[in-house]
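Working notes, beginning with the structure itself.
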Amino acid sequence: MTNDVENIFGRRLNQARLIKGLTMDELGKRVHPAVTRQAINKYEKGNTSPYSRMLIAFSAALGVKPDYFFRPFTVAVDKIMFNKKAGISERVIASIREKVREELERYLEIEELCGSSAVFTLYKKEICTANEAREYANEVRIKFGLGFDGISNVIEVLEDNGIKIIEISEDESFGGLSGYANDNIPVIVVNRNLTSEDKRFTLLHELGHLIMDCPSESESKKIEYLCNTFASEMLMPSSVLKGRLGNMRHDISLAELSDIQRQYGVSVDTIMLSLKDLGVITGRRYNGYLKKKKLFPDFNAVVGKSLFVSETSGRFVRMVYRAIADEIISMSKAASLLNTSVDRVRSQLQLV
């Protein structure tokens, strides 16, 4: 058997298959001519090398270029451990893990080439109550230099503080995951198809999972609640929310909530839940809001509309173009890192 270092084709084949969420049997049926599960297994283990026709068949079945299978593993990302999430199957997690592994390889490689890795300095803190989650969120805001202002770009803030953000396209059932690669590289995975407000909230919810140490006996529902509380406080501190809306309210206008949504990038749903948790509105008033959303689709559509500018991860792309400008890498290397064509890289590069 070929050892793991030499077996680049087998490892890339396994990676591409898992990214697509395919079993060996399913991949075998997609390949033309079809091959058996046993044959796929031999390829992945390095017991068999592909001939050119088979290589092209695998490329077509998996939607990758033939040279993908021989791209060296330049950075070791051997282990990616995610926090457990209810409702996500092991098969989906395996697919996401390989997508993240591939993205991280390129991310860490360009960081090393540019010498611009950001250091993660946040520490894990034991959190048992909602108030402790809010207090820690405000500590983190201070550490990030945010004060009491809104966060203009959550992704940029997290990346500047050493957290790798990987955006992937999934269906609406997936929001995000977080964990560590190689035990020491913090990673947050988020669905790029979420609305801006939901994406920002999910990113900070997952940050809570990374840095809050909830008691081991805590139920998953409580842990999720604490992470939600942390995310809400990160987006808009309680003191600011009460300063804007008061300490006790019965009726609140949508205009007030929409104004906060535009400024702080937090959804109306999140604001209302925070108001209930902080005692600004009663539980009965909050339930009335939920009932109105359910009974009136037009109202539900209005409060669910995204009003904040969309944000995406740009650090990786910036580093690649910086490396080209500084003549650290070639156009073809940049195209490989960006998973695009040399022509597209050349068209996007405008040196001034």
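Labels used: A, B, ... for chains in the order of the structure tokens, numbers from 1 for residues in each chain, and numbers from 1 for ligands as shown.
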
Using only C-alpha atoms, what does the table of range 90-192 of chain A residues within 6 Å of range 213-220 of chain A look like, with each row giving the shortest atom pair and its distance in Å to one decimal, sorted by chain and ascending number, as CSV?
residue,atom,partner,partner_atom,distance
A:Lys124,CA,A:Asp213,CA,5.9
A:Lys125,CA,A:Asp213,CA,5.4
A:Glu126,CA,A:Asp213,CA,4.4
A:Ile127,CA,A:Cys214,CA,5.2
A:Cys128,CA,A:Cys214,CA,6.0

Go through range 3-46 of chain A and flag each residue having an atom no more than 12 Å from range 96-104 of chain A; for those, report the closest pair of atoms plus their distance in Å to one decimal, using only C-alpha atoms, ordered by chain and rising number, as a tab-separated table.
residue	atom	partner	partner_atom	distance
A:Arg11	CA	A:Glu98	CA	10.8
A:Arg12	CA	A:Glu102	CA	9.5
A:Leu13	CA	A:Glu98	CA	11.2
A:Asn14	CA	A:Glu98	CA	9.1
A:Gln15	CA	A:Glu98	CA	5.8
A:Ala16	CA	A:Glu98	CA	7.8
A:Arg17	CA	A:Glu98	CA	9.2
A:Leu18	CA	A:Glu98	CA	6.5
A:Ile19	CA	A:Glu98	CA	5.7
A:Lys20	CA	A:Lys99	CA	9.1
A:Gly21	CA	A:Ile96	CA	8.8

Just write the chosen residues, N, CA, C and O atoms, as a short mmCIF file (atom, residue, chain, number, x, y, z; two decimals), in the first residue's frame.
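What ended up in out32.cif:
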data_model
loop_
_atom_site.label_atom_id
_atom_site.label_comp_id
_atom_site.auth_asym_id
_atom_site.auth_seq_id
_atom_site.Cartn_x
_atom_site.Cartn_y
_atom_site.Cartn_z
N ARG A 11 -5.97 10.44 -1.73
CA ARG A 11 -6.48 11.35 -0.70
C ARG A 11 -7.35 12.44 -1.30
O ARG A 11 -8.37 12.82 -0.74
N ARG A 12 -6.95 12.96 -2.48
CA ARG A 12 -7.77 13.98 -3.14
C ARG A 12 -9.08 13.37 -3.65
O ARG A 12 -10.12 14.03 -3.60
N LEU A 13 -9.03 12.14 -4.12
CA LEU A 13 -10.25 11.48 -4.57
C LEU A 13 -11.23 11.32 -3.41
O LEU A 13 -12.42 11.60 -3.53
N ASN A 14 -10.70 10.89 -2.27
CA ASN A 14 -11.52 10.74 -1.07
C ASN A 14 -12.11 12.09 -0.64
O ASN A 14 -13.29 12.20 -0.31
N GLN A 15 -11.28 13.12 -0.70
CA GLN A 15 -11.72 14.46 -0.31
C GLN A 15 -12.84 14.95 -1.23
O GLN A 15 -13.89 15.43 -0.76
N ALA A 16 -12.64 14.83 -2.54
CA ALA A 16 -13.64 15.30 -3.51
C ALA A 16 -14.95 14.52 -3.37
O ALA A 16 -16.04 15.08 -3.49
N ARG A 17 -14.84 13.23 -3.10
CA ARG A 17 -16.05 12.39 -2.93
C ARG A 17 -16.83 12.83 -1.70
O ARG A 17 -18.06 12.97 -1.74
N LEU A 18 -16.14 13.05 -0.59
CA LEU A 18 -16.81 13.45 0.64
C LEU A 18 -17.41 14.85 0.51
O LEU A 18 -18.50 15.12 1.05
N ILE A 19 -16.73 15.74 -0.19
CA ILE A 19 -17.26 17.08 -0.40
C ILE A 19 -18.60 17.01 -1.13
O ILE A 19 -19.54 17.74 -0.83
N LYS A 20 -18.69 16.11 -2.08
CA LYS A 20 -19.94 15.92 -2.83
C LYS A 20 -20.98 15.13 -2.03
O LYS A 20 -22.13 15.01 -2.45
N GLY A 21 -20.57 14.57 -0.88
CA GLY A 21 -21.50 13.81 -0.05
C GLY A 21 -21.86 12.47 -0.65
O GLY A 21 -22.98 11.96 -0.45
#

Can you write out as JSON lines which residues of range 270-295 of chain A fall within 8 Å of range 228-239 of chain A, alongside each residue's closest atom pair and its distance in Å to one decimal, counting only C-alpha atoms and ordering rows by chain and ascending residue number?
{"residue": "A:Thr270", "atom": "CA", "partner": "A:Ser232", "partner_atom": "CA", "distance": 6.9}
{"residue": "A:Ile271", "atom": "CA", "partner": "A:Ser232", "partner_atom": "CA", "distance": 7.9}
{"residue": "A:Ser274", "atom": "CA", "partner": "A:Ser232", "partner_atom": "CA", "distance": 7.1}
{"residue": "A:Leu278", "atom": "CA", "partner": "A:Ser238", "partner_atom": "CA", "distance": 7.7}

**Prompt:** Using only C-alpha atoms, which residues sit within 7 Å of range 28-33 of chain A once same-chain residues fewer than 6 positions away are excluded, as a PyMOL selection string?
**Reply:** chain A and resi 40+57-58+61

Deliver the residues from the most recent selection as a file, using N, CA and C atoms, as a PDB file, in the first residue's frame.
ATOM      1  N   ILE A  40     -13.147   1.755  -6.187  1.00  0.00           N
ATOM      2  CA  ILE A  40     -12.986   3.097  -5.586  1.00  0.00           C
ATOM      3  C   ILE A  40     -12.129   3.004  -4.334  1.00  0.00           C
ATOM      4  N   ALA A  57     -12.738  10.517 -16.201  1.00  0.00           N
ATOM      5  CA  ALA A  57     -14.060  10.090 -15.735  1.00  0.00           C
ATOM      6  C   ALA A  57     -14.319  10.551 -14.303  1.00  0.00           C
ATOM      7  N   PHE A  58     -13.316  10.424 -13.432  1.00  0.00           N
ATOM      8  CA  PHE A  58     -13.459  10.889 -12.048  1.00  0.00           C
ATOM      9  C   PHE A  58     -13.640  12.416 -12.019  1.00  0.00           C
ATOM     10  N   ALA A  61     -17.188  13.235 -13.022  1.00  0.00           N
ATOM     11  CA  ALA A  61     -18.167  12.802 -12.017  1.00  0.00           C
ATOM     12  C   ALA A  61     -18.156  13.691 -10.781  1.00  0.00           C
TER      13      ALA A  61
END

List as a tab-separated table every residue of range 192-234 of chain A that is in contact with range 149-171 of chain A, defined as an atom at most 12 Å from one of its atoms (using only C-alpha atoms), together with the nearest atom pair and the distance in Å rounded to one decimal, sorted by chain and then rising number.
residue	atom	partner	partner_atom	distance
A:Arg192	CA	A:Glu167	CA	5.4
A:Asn193	CA	A:Ser169	CA	6.1
A:Leu194	CA	A:Ser169	CA	9.2
A:Ser196	CA	A:Asn153	CA	10.2
A:Glu197	CA	A:Val154	CA	10.3
A:Asp198	CA	A:Val154	CA	11.5
A:Lys199	CA	A:Val154	CA	9.1
A:Arg200	CA	A:Val154	CA	6.1
A:Phe201	CA	A:Val154	CA	9.0
A:Thr202	CA	A:Val154	CA	10.2
A:Leu203	CA	A:Val154	CA	7.6
A:Leu204	CA	A:Val154	CA	7.9
A:His205	CA	A:Val154	CA	11.6
A:Glu206	CA	A:Ile165	CA	10.7
A:Leu207	CA	A:Leu158	CA	8.6
A:Leu210	CA	A:Ile163	CA	9.9
A:Ile211	CA	A:Ile163	CA	11.4
A:Ala231	CA	A:Val154	CA	11.0
A:Ser232	CA	A:Gly150	CA	11.5
A:Glu233	CA	A:Gly150	CA	10.7
A:Met234	CA	A:Ile151	CA	8.4

**Request:** Could you find all residues in range 7-195 of chain A that DSSP calls strand (DSSP E or B) from the backbone, and write them as JSON, numbers by chain?
**Result:** {"A": [80, 81, 82, 125, 126, 164, 165, 166, 167, 168, 176, 177, 178, 179, 180, 181, 185, 186, 187, 188, 189, 190, 191]}

**Prompt:** Which residue out of A:Thr282, A:Ser347, A:Asn83, A:Asn300 has the minimum interatomic distance to Gly179 in chain A when only C-alpha atoms are used?
**Reply:**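 Checking each candidate against Gly179 in chain A, we get A:Asn83 as the closest.
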
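What separates CA of Leu22 in chain A from CA of Tyr51 in chain A is a distance of 22.0 Å.
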
**Contacts of Thr340 in chain A at 12 Å (only C-alpha atoms; same-chain gap of 4+ positions) as a PyMOL selection string** = chain A and resi 64-65+68+317+331-336+344-348

**Asked** Which one is closest to Ser52 in chain A: A:Leu108, A:Met248, A:Asp67, A:Ser330? Count only C-alpha atoms.
**Response**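 Under the stated criterion, the closest residue is A:Asp67.
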
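The residue set within 9 Å of Phe308 in chain A, counting only C-alpha atoms and dropping same-chain residues fewer than 3 places from it, reads A:Thr195, A:Ser196, A:Glu197, A:Gln261, A:Arg262, A:Gln263, A:Tyr264, A:Gly265, A:Val266, A:Glu311.
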
Next, write the just-selected residues to a file, as an mmCIF file, in the first residue's frame, keeping N, CA and C atoms as the atom set.
data_model
loop_
_atom_site.group_PDB
_atom_site.id
_atom_site.type_symbol
_atom_site.label_atom_id
_atom_site.label_comp_id
_atom_site.auth_asym_id
_atom_site.auth_seq_id
_atom_site.Cartn_x
_atom_site.Cartn_y
_atom_site.Cartn_z
ATOM 1 N N THR A 195 -29.264 35.352 5.230
ATOM 2 C CA THR A 195 -29.390 36.809 5.156
ATOM 3 C C THR A 195 -28.239 37.427 5.956
ATOM 4 N N SER A 196 -27.960 38.690 5.691
ATOM 5 C CA SER A 196 -26.848 39.353 6.363
ATOM 6 C C SER A 196 -26.997 39.300 7.883
ATOM 7 N N GLU A 197 -28.200 39.602 8.377
ATOM 8 C CA GLU A 197 -28.432 39.608 9.829
ATOM 9 C C GLU A 197 -28.243 38.213 10.418
ATOM 10 N N GLN A 261 -32.159 47.843 13.476
ATOM 11 C CA GLN A 261 -31.709 46.791 12.560
ATOM 12 C C GLN A 261 -30.714 47.331 11.533
ATOM 13 N N ARG A 262 -31.017 48.489 10.965
ATOM 14 C CA ARG A 262 -30.134 49.085 9.959
ATOM 15 C C ARG A 262 -28.792 49.495 10.558
ATOM 16 N N GLN A 263 -28.811 50.002 11.780
ATOM 17 C CA GLN A 263 -27.585 50.500 12.400
ATOM 18 C C GLN A 263 -26.696 49.396 12.950
ATOM 19 N N TYR A 264 -27.312 48.365 13.514
ATOM 20 C CA TYR A 264 -26.533 47.349 14.223
ATOM 21 C C TYR A 264 -26.495 45.982 13.523
ATOM 22 N N GLY A 265 -27.219 45.837 12.420
ATOM 23 C CA GLY A 265 -27.166 44.570 11.687
ATOM 24 C C GLY A 265 -27.696 43.413 12.491
ATOM 25 N N VAL A 266 -28.763 43.648 13.219
ATOM 26 C CA VAL A 266 -29.377 42.615 14.053
ATOM 27 C C VAL A 266 -30.847 42.517 13.660
ATOM 28 N N GLU A 311 -22.191 41.060 3.898
ATOM 29 C CA GLU A 311 -20.755 41.025 4.112
ATOM 30 C C GLU A 311 -20.213 39.639 3.804
#

**Message:** With DSSP run on the backbone, what are the alpha helix (DSSP H) residues within range 42-277 of chain A? I'd like them as JSON, numbers by chain.
**Reply:** {"A": [42, 43, 44, 45, 52, 53, 54, 55, 56, 57, 58, 59, 60, 61, 62, 90, 91, 92, 93, 94, 95, 96, 97, 98, 99, 100, 101, 102, 103, 104, 105, 106, 107, 108, 109, 110, 111, 112, 113, 114, 130, 131, 132, 133, 134, 135, 136, 137, 138, 139, 140, 141, 142, 143, 154, 155, 156, 157, 158, 159, 160, 196, 197, 198, 199, 200, 201, 202, 203, 204, 205, 206, 207, 208, 209, 210, 211, 220, 221, 222, 223, 224, 225, 226, 227, 228, 229, 230, 231, 232, 233, 234, 235, 238, 239, 240, 241, 242, 243, 244, 245, 254, 255, 256, 257, 258, 259, 260, 261, 262, 263, 264, 268, 269, 270, 271, 272, 273, 274, 275, 276, 277]}
